[in-house]
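Participant: So that we are looking at the same thing, I have put the structure below in structure tokens.
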Amino acid sequence: MNDITQTLARVLPSRNTLWMLVFFAGLFALAYGFYVATQQANYIWHWNRIPRYFYYTDTIKVRTEIAGKVASITHKSGDAVVIVEGDGASEFYTVPGANLRVGENETLYMGDVIGTYDKGSLGLMAQGMLITIEISIIAIIFGIVLGLFTGLARISTNPCFKWTAITYIEIIRGSPLLVQILIWYYVIGTLVNNLLVTSGLPQIPEMWFGIASLSIFAGAYVAEIVRAGIQSIHKGQSEAARSLGMTKSMAMRKIILPQAFRRILPPLAGQFISLIKDSSLLGVIAIRELTKATREAVTTSLMPYELYFVCGLMYLVVTFALSMFVQYLEKRSVE
Amino acid sequence: MIDVKNVFKTFFVPHEVQALHNVSYHVNSGEVVVVIGPSGSGKSTFLRCLNRLERAERGQIMIDGTDVLDPRTDINKVRMEVGMVFQSFNLFPHLTVLENVTVGQTSVRKRGKHESIENAMTLLNKVGIHEKAGNYPSQLSGGQQQRVAIARALAMDPKVMLFDEPTSALDPEMVGEVLEVMKTLAREGMTMVVVTHEMGFAREVADHVVFMDEGKIVEVGPPEHFFTNPTHDRTKLFLSQIL
Ligand SMILES: Nc1ncnc2c1ncn2[C@@H]1O[C@H](COP(=O)(O)OP(=O)(O)OP(=O)(O)O)[C@@H](O)[C@H]1O
Ligand SMILES: [Mg+2]
């Protein structure tokens with residue numbers, strides 16, 4: 001009898017393994033249910049068409065612009081240089097990869113194809129993703145600087161600094177980001193660009209108004225994170241620093257901020273992950289970031305299911321990379 | 001060296017407390033003064049007013065000829081000359097032991113890195129902790145941390161050292177090592193104001209003992225006086241409780 005229970009214990013999965021199986025079964029059921037639903041809706045999946053939205057190759061044809069004869073073909077490190085002569089004129093064409101369609105002395109008419117080569121380009125979604133990453137990185141940098149100074153102003157004893165910080169933080173945190181983006185583009189953007197045009201200066205591209213809205217939005221939250229971080233450092237630390245004769249700002253830079261930095265990192269990471277996701281709103285002001293690019297791809301391809309999934313996945317990749325980076329920073333600063 | 005005249009200090013938050021009430025006292029160069037008194041009697045406030053960690057609202061405080069309360073005084077200059085050791089050590093946890101002792105020298109005294117390190121190692125040697133120079137404070141025992149804190153204050157070459165209950169947060173077996181360092185300092189002629197309940201220390205090294213109660217200096221005298229015939233009833237009561 002005892003033997004049997006022991007054998008059973010060995011053969012049957014433990015309680016934890018059982019629940020893990022339940023988890024994966026649930027996941028599979030969900031995916032399968034979804035698949036069945038799309039079958040019912042007669043949706044045809046085209047995953048094979050997705051890669052072209054990231055990278056595609058075009059075949060470029062090199063054509064002669066004059067009529068005449070192929071005077072010479074020389075090969076230079078894998079490329080071919082073709083010289084066409086005729087009617088007293090002479091032109092040379094470089095064909096990368098040397099995939100030629102003509103031979104020496106061949107007679108050519110204007111527009112004849114001399115050779116072809118393949119040129120790779122980034123697809124719509126890859127471009128969108130690059131813009132999303134670019135905007136996010138710039139906005140994060142501005143957001144940190146702005147948030148740091150606002151946070152310091154927020155705990156300053158100078159009433160002007162303090163009230164400026166409080167006003168800024170409350171206004172930004174109290175209104176929707178979407179509205180702020182629209183104001184930045186349609187109000188501030190038009191005003192600024194109008195002024196620039198009347199003074200004969202070039203206009204600022206919409207991307208910068210998008211970056212401004214995200215940085216200023218993030219800055220308000222970063223300021224509160226910075227403030228909380230600084231205030232979490234025990235008062236004895238600044239007293240010890242001051243009693244050595246350090247000035248306020250010296251104590252802040254050498255003693256308080258380095259300690260606060262470690263505590264600030266995790267909530268800061270969360271804030272910047274939000275920022276990356278929030279950049280998807282910038283599509284409303286004609287910035288072709290990842291979400292907007294995806295929507296454009298959907299209208300031309302009619303593959304919403306695949307594309308929106310991939311779009312979400314791309315955000316996941318970027319935010320995951322960011323949290324990995326922050327975790328690395330955290331580990332390094334803890335040692 | 002230290003001259004305190006008619007100093008008042010009131011706290012208003014969370015409720016009004018008169019922490020110092022008309023306190024006057026004089027400390028000569030090279031003297032060791034031990035301040036005793038019940039909890040809340042204003043001992044810490046007295047010490048903290050000396051280097052303006054708290055600002056006294058009335059009276060005069062002179063340190064080595066400088067008026068501490070004068071708004072024109074560069075308080076950081078005064079603080080360079082006045083070392084302070086706290087009950088809870090307050091070492092900088094993100095810096096190594098060595099860096100704790102050099103940071104003030106390089107940033108405040110504007111000493112070269114090399115000179116600061118040399119000086120720091122001499123001081124760490126003096127407090128008996130040089131082999132831990134590369135460690136972080138969290139890797140040290142309480143007694144070791146307090147000795148580093150003393151070295152950190154000494155690194156500024158202060159003329160005066162203030163100690164606010166330097167051994168109260170320590171396990172009993174570590175009290176001795178810290179007191180030993182303080183005794184050495186006293187013997188070398190450092191001017192010291194020490195808030196402590198260690199009566200053995202007071203008896204051995206103090207030139208004067210000050211008894212404070214309710215924000216006032218109640219009784220002053222050499223240590224023997226306190227142990228043999230204290231005059232005030234409150235002093236007697238306090239001593240009977242701690243001895
Ligand atoms: N920062 C502060 N804010 C408000 N009240 C304070 C502050 N510091 C001290 N006090 C009050 O002032 C009085 C004197 O405090 P102080 O810390 O100087 O006493 P102490 O003699 O050092 O006592 P202890 O032995 O407990 O350290 C107490 O009533 C205390 O509550
Ligand atoms: Mg105290």
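Scheme for the structure tokens: letters A, B, ... for chains in order shown; per-chain residue numbers from 1; ligand numbers from 1 in order shown.
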What residues in range 37-154 of chain B get the DSSP label helix (DSSP H, G or I)? Please answer as a PDB file with C-alpha atoms, in the first residue's frame.

Facilitator:
```pdb
ATOM      1  CA  LYS B  43      21.384  68.752  25.150  1.00  0.00           C
ATOM      2  CA  SER B  44      21.238  67.967  21.422  1.00  0.00           C
ATOM      3  CA  THR B  45      19.695  71.332  20.653  1.00  0.00           C
ATOM      4  CA  PHE B  46      22.536  73.056  22.544  1.00  0.00           C
ATOM      5  CA  LEU B  47      25.132  71.133  20.525  1.00  0.00           C
ATOM      6  CA  ARG B  48      23.361  71.675  17.221  1.00  0.00           C
ATOM      7  CA  CYS B  49      23.078  75.419  17.839  1.00  0.00           C
ATOM      8  CA  LEU B  50      26.874  75.618  18.133  1.00  0.00           C
ATOM      9  CA  ILE B  75      28.621  79.222   8.261  1.00  0.00           C
ATOM     10  CA  ASN B  76      30.480  76.647   6.151  1.00  0.00           C
ATOM     11  CA  LYS B  77      33.783  78.177   7.281  1.00  0.00           C
ATOM     12  CA  VAL B  78      32.670  77.726  10.889  1.00  0.00           C
ATOM     13  CA  ARG B  79      31.510  74.167  10.275  1.00  0.00           C
ATOM     14  CA  MET B  80      34.912  73.259   8.833  1.00  0.00           C
ATOM     15  CA  GLU B  81      36.388  74.105  12.221  1.00  0.00           C
ATOM     16  CA  VAL B  97      35.119  54.105   4.372  1.00  0.00           C
ATOM     17  CA  LEU B  98      38.052  55.854   2.713  1.00  0.00           C
ATOM     18  CA  GLU B  99      35.787  58.013   0.555  1.00  0.00           C
ATOM     19  CA  ASN B 100      33.747  58.955   3.624  1.00  0.00           C
ATOM     20  CA  VAL B 101      36.899  60.387   5.119  1.00  0.00           C
ATOM     21  CA  THR B 102      38.196  62.054   1.933  1.00  0.00           C
ATOM     22  CA  VAL B 103      34.980  63.592   0.528  1.00  0.00           C
ATOM     23  CA  GLY B 104      35.015  66.569   2.897  1.00  0.00           C
ATOM     24  CA  GLN B 105      38.720  67.173   2.404  1.00  0.00           C
ATOM     25  CA  THR B 106      38.570  67.250  -1.389  1.00  0.00           C
ATOM     26  CA  SER B 107      35.287  69.116  -1.787  1.00  0.00           C
ATOM     27  CA  LYS B 113      43.304  63.667  -3.888  1.00  0.00           C
ATOM     28  CA  HIS B 114      46.647  62.215  -2.970  1.00  0.00           C
ATOM     29  CA  GLU B 115      47.042  64.334   0.136  1.00  0.00           C
ATOM     30  CA  SER B 116      43.445  63.595   1.219  1.00  0.00           C
ATOM     31  CA  ILE B 117      43.938  59.864   0.941  1.00  0.00           C
ATOM     32  CA  GLU B 118      47.196  59.982   2.858  1.00  0.00           C
ATOM     33  CA  ASN B 119      45.586  62.061   5.580  1.00  0.00           C
ATOM     34  CA  ALA B 120      42.544  59.754   5.665  1.00  0.00           C
ATOM     35  CA  MET B 121      44.709  56.663   6.031  1.00  0.00           C
ATOM     36  CA  THR B 122      46.601  58.248   8.924  1.00  0.00           C
ATOM     37  CA  LEU B 123      43.311  59.007  10.676  1.00  0.00           C
ATOM     38  CA  LEU B 124      41.815  55.591   9.957  1.00  0.00           C
ATOM     39  CA  ASN B 125      44.978  54.124  11.391  1.00  0.00           C
ATOM     40  CA  LYS B 126      44.554  56.279  14.454  1.00  0.00           C
ATOM     41  CA  HIS B 130      42.608  51.251   8.284  1.00  0.00           C
ATOM     42  CA  GLU B 131      42.249  47.683   7.040  1.00  0.00           C
ATOM     43  CA  LYS B 132      38.562  48.374   6.295  1.00  0.00           C
ATOM     44  CA  PRO B 137      29.806  51.342   5.951  1.00  0.00           C
ATOM     45  CA  SER B 138      27.117  48.637   5.921  1.00  0.00           C
ATOM     46  CA  GLN B 139      29.877  46.020   6.152  1.00  0.00           C
ATOM     47  CA  GLY B 142      28.407  49.896  14.896  1.00  0.00           C
ATOM     48  CA  GLY B 143      31.574  50.599  16.848  1.00  0.00           C
ATOM     49  CA  GLN B 144      33.654  50.574  13.695  1.00  0.00           C
ATOM     50  CA  GLN B 145      31.189  52.878  11.954  1.00  0.00           C
ATOM     51  CA  GLN B 146      31.306  55.385  14.783  1.00  0.00           C
ATOM     52  CA  ARG B 147      35.094  55.355  14.699  1.00  0.00           C
ATOM     53  CA  VAL B 148      34.986  56.068  10.963  1.00  0.00           C
ATOM     54  CA  ALA B 149      32.580  58.923  11.686  1.00  0.00           C
ATOM     55  CA  ILE B 150      35.110  60.355  14.140  1.00  0.00           C
ATOM     56  CA  ALA B 151      37.867  60.048  11.532  1.00  0.00           C
ATOM     57  CA  ARG B 152      35.602  61.746   8.977  1.00  0.00           C
ATOM     58  CA  ALA B 153      35.120  64.727  11.299  1.00  0.00           C
ATOM     59  CA  LEU B 154      38.812  64.865  12.213  1.00  0.00           C
TER      60      LEU B 154
END
```

Participant: Write out as a list of chain:residue names the residues lying within 10 Å of Ile204 in chain A, counting only C-alpha atoms and excluding same-chain residues fewer than 4 positions away.

Facilitator: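 Once the adjacent positions are removed, what remains is A:Gly189, A:Thr190, A:Val192, A:Asn193, A:Leu196, A:Trp208, A:Phe209.
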
Participant: Under the rule that only C-alpha atoms and all ligand atoms are counted, which of B:Asn135, B:Gln60, B:Thr184, B:Thr196 is the nearest residue to ligand 1?

Facilitator: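 Of the candidates, the smallest distance to ligand 1 is held by B:Thr196.
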
Participant: Write out, as a tab-separated table, each residue of chain B that has an atom at most 10 Å from ligand 1, together with the closest pair of atoms and their distance in Å to one decimal, counting only C-alpha atoms and all ligand atoms, rows going by chain and rising number.

Facilitator:
```
residue	atom	partner	partner_atom_place_in_ligand_line	distance
B:Lys9	CA	ligand 1	12 (O)	8.6
B:Thr10	CA	ligand 1	12 (O)	7.5
B:Phe11	CA	ligand 1	4 (C)	4.9
B:Phe12	CA	ligand 1	4 (C)	6.5
B:Val13	CA	ligand 1	4 (C)	5.2
B:Pro14	CA	ligand 1	4 (C)	6.1
B:His15	CA	ligand 1	4 (C)	7.3
B:Glu16	CA	ligand 1	5 (N)	7.7
B:Val17	CA	ligand 1	29 (O)	5.7
B:Gln18	CA	ligand 1	12 (O)	6.7
B:Ala19	CA	ligand 1	12 (O)	4.3
B:Leu20	CA	ligand 1	14 (C)	7.5
B:Val35	CA	ligand 1	21 (O)	9.2
B:Ile36	CA	ligand 1	21 (O)	8.0
B:Gly37	CA	ligand 1	21 (O)	6.3
B:Pro38	CA	ligand 1	25 (O)	5.9
B:Ser39	CA	ligand 1	25 (O)	3.5
B:Gly40	CA	ligand 1	19 (O)	3.4
B:Ser41	CA	ligand 1	21 (O)	3.9
B:Gly42	CA	ligand 1	18 (O)	3.1
B:Lys43	CA	ligand 1	21 (O)	3.8
B:Ser44	CA	ligand 1	22 (O)	3.6
B:Thr45	CA	ligand 1	18 (O)	3.7
B:Phe46	CA	ligand 1	18 (O)	6.4
B:Leu47	CA	ligand 1	18 (O)	8.1
B:Arg48	CA	ligand 1	18 (O)	8.3
B:Cys49	CA	ligand 1	18 (O)	9.7
B:Leu53	CA	ligand 1	1 (N)	9.8
B:Glu54	CA	ligand 1	1 (N)	8.0
B:Gln87	CA	ligand 1	27 (O)	9.0
B:Asp164	CA	ligand 1	22 (O)	7.8
B:Glu165	CA	ligand 1	27 (O)	7.6
B:Ser168	CA	ligand 1	25 (O)	9.7
B:Val195	CA	ligand 1	22 (O)	8.1
B:Thr196	CA	ligand 1	25 (O)	8.7
B:His197	CA	ligand 1	25 (O)	9.1
B:Met212	CA	ligand 1	21 (O)	7.7
B:Asp213	CA	ligand 1	21 (O)	7.9
B:Glu214	CA	ligand 1	14 (C)	7.7
B:Gly215	CA	ligand 1	14 (C)	6.9
```

Participant: I need the contact residues of chain A against chain B, so if you could list those with any atom within 7 Å, counting only C-alpha atoms, and return them as a list of chain:residue names, that would help.

Facilitator: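 Only these qualify: A:Gly236, A:Gln237, A:Ala240, A:Ser243, A:Leu244, A:Gly245, A:Met246, A:Thr247, A:Ile255, A:Gln259.
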
Participant: Using only C-alpha atoms, which protein or nucleic acid residues come within 8 Å of Leu177 in chain A? Drop anything in the same chain fewer than 2 positions from it, and give the result as a PyMOL selection string.

Facilitator: chain A and resi 175+179-181+213+217

Participant: Got time to write the residues from that selection, C-alpha atoms, as a short mmCIF file (atom, residue, chain, number, x, y, z; two decimals), in the first residue's frame?

Facilitator:
```cif
data_model
loop_
_atom_site.label_atom_id
_atom_site.label_comp_id
_atom_site.auth_asym_id
_atom_site.auth_seq_id
_atom_site.Cartn_x
_atom_site.Cartn_y
_atom_site.Cartn_z
CA SER A 175 -4.98 67.18 -17.90
CA VAL A 179 -5.20 67.18 -25.06
CA GLN A 180 -1.70 68.39 -24.27
CA ILE A 181 -0.41 66.95 -27.54
CA SER A 213 4.64 67.40 -25.27
CA PHE A 217 4.44 65.49 -19.58
#
```

Participant: Which residues come within 7 Å of Phe8 in chain B, counting only C-alpha atoms, excluding same-chain residues fewer than 3 positions away, as a list in words?

Facilitator: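 Those residues are Leu20, His21, Asn22, Val23, Ala56, Glu57, Arg58 and Gly59 of chain B.
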
Participant: How would the residues just chosen look if you wrote them out with C-alpha atoms as a CSV table (one decimal), in the first residue's frame?

Facilitator:
```csv
chain,number,residue,atom,x,y,z
B,20,LEU,CA,17.0,76.3,25.2
B,21,HIS,CA,16.1,78.9,27.8
B,22,ASN,CA,18.7,81.6,28.4
B,23,VAL,CA,21.8,79.3,28.2
B,56,ALA,CA,19.2,80.0,17.9
B,57,GLU,CA,16.7,82.8,17.9
B,58,ARG,CA,18.3,85.0,20.5
B,59,GLY,CA,21.7,85.4,22.2
```

Participant: Just how far from CA of Lys331 in chain A is CA of Val145 in chain A, in Å to one decimal?

Facilitator: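 Pair CA of Val145 in chain A / CA of Lys331 in chain A returns 22.7 Å.
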
Participant: In terms of the shortest atom-to-atom distance over only C-alpha atoms, which of A:Tyr43, A:Phe142, A:Tyr186, A:Tyr168 is closest to Glu206 in chain A?

Facilitator: A:Tyr186

Participant: So which one's closest to ligand 2, B:Thr167, B:Gly128, B:Pro172, B:Val160? Using only C-alpha atoms and all ligand atoms, please.

Facilitator: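 With only C-alpha atoms and all ligand atoms as the atom set, the closest residue is B:Thr167.
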
Participant: How far is it from CA of Thr228 in chain B to CA of Val34 in chain B, in Å with one decimal?

Facilitator: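 These atoms are spaced 16.7 Å apart.
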
Participant: Find the residues near Lys76 in chain A: any atom within 12 Å, counting only C-alpha atoms, skip ones fewer than 3 places away on the same chain, and give them as a list in words.

Facilitator: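 Residues meeting the cut-off are Ile73, Asp79, Ala80, Val81, Val82, Thr94, Val95, Pro96, Gly97 and Ala98 of chain A.
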
Participant: Name all residues at most 12 Å from Leu265 in chain A (count only C-alpha atoms; drop same-chain ones fewer than 2 positions away) and give them as a PyMOL selection string.

Facilitator: chain A and resi 144+222+225-226+228-229+257-263+267-272+322-323+325-334
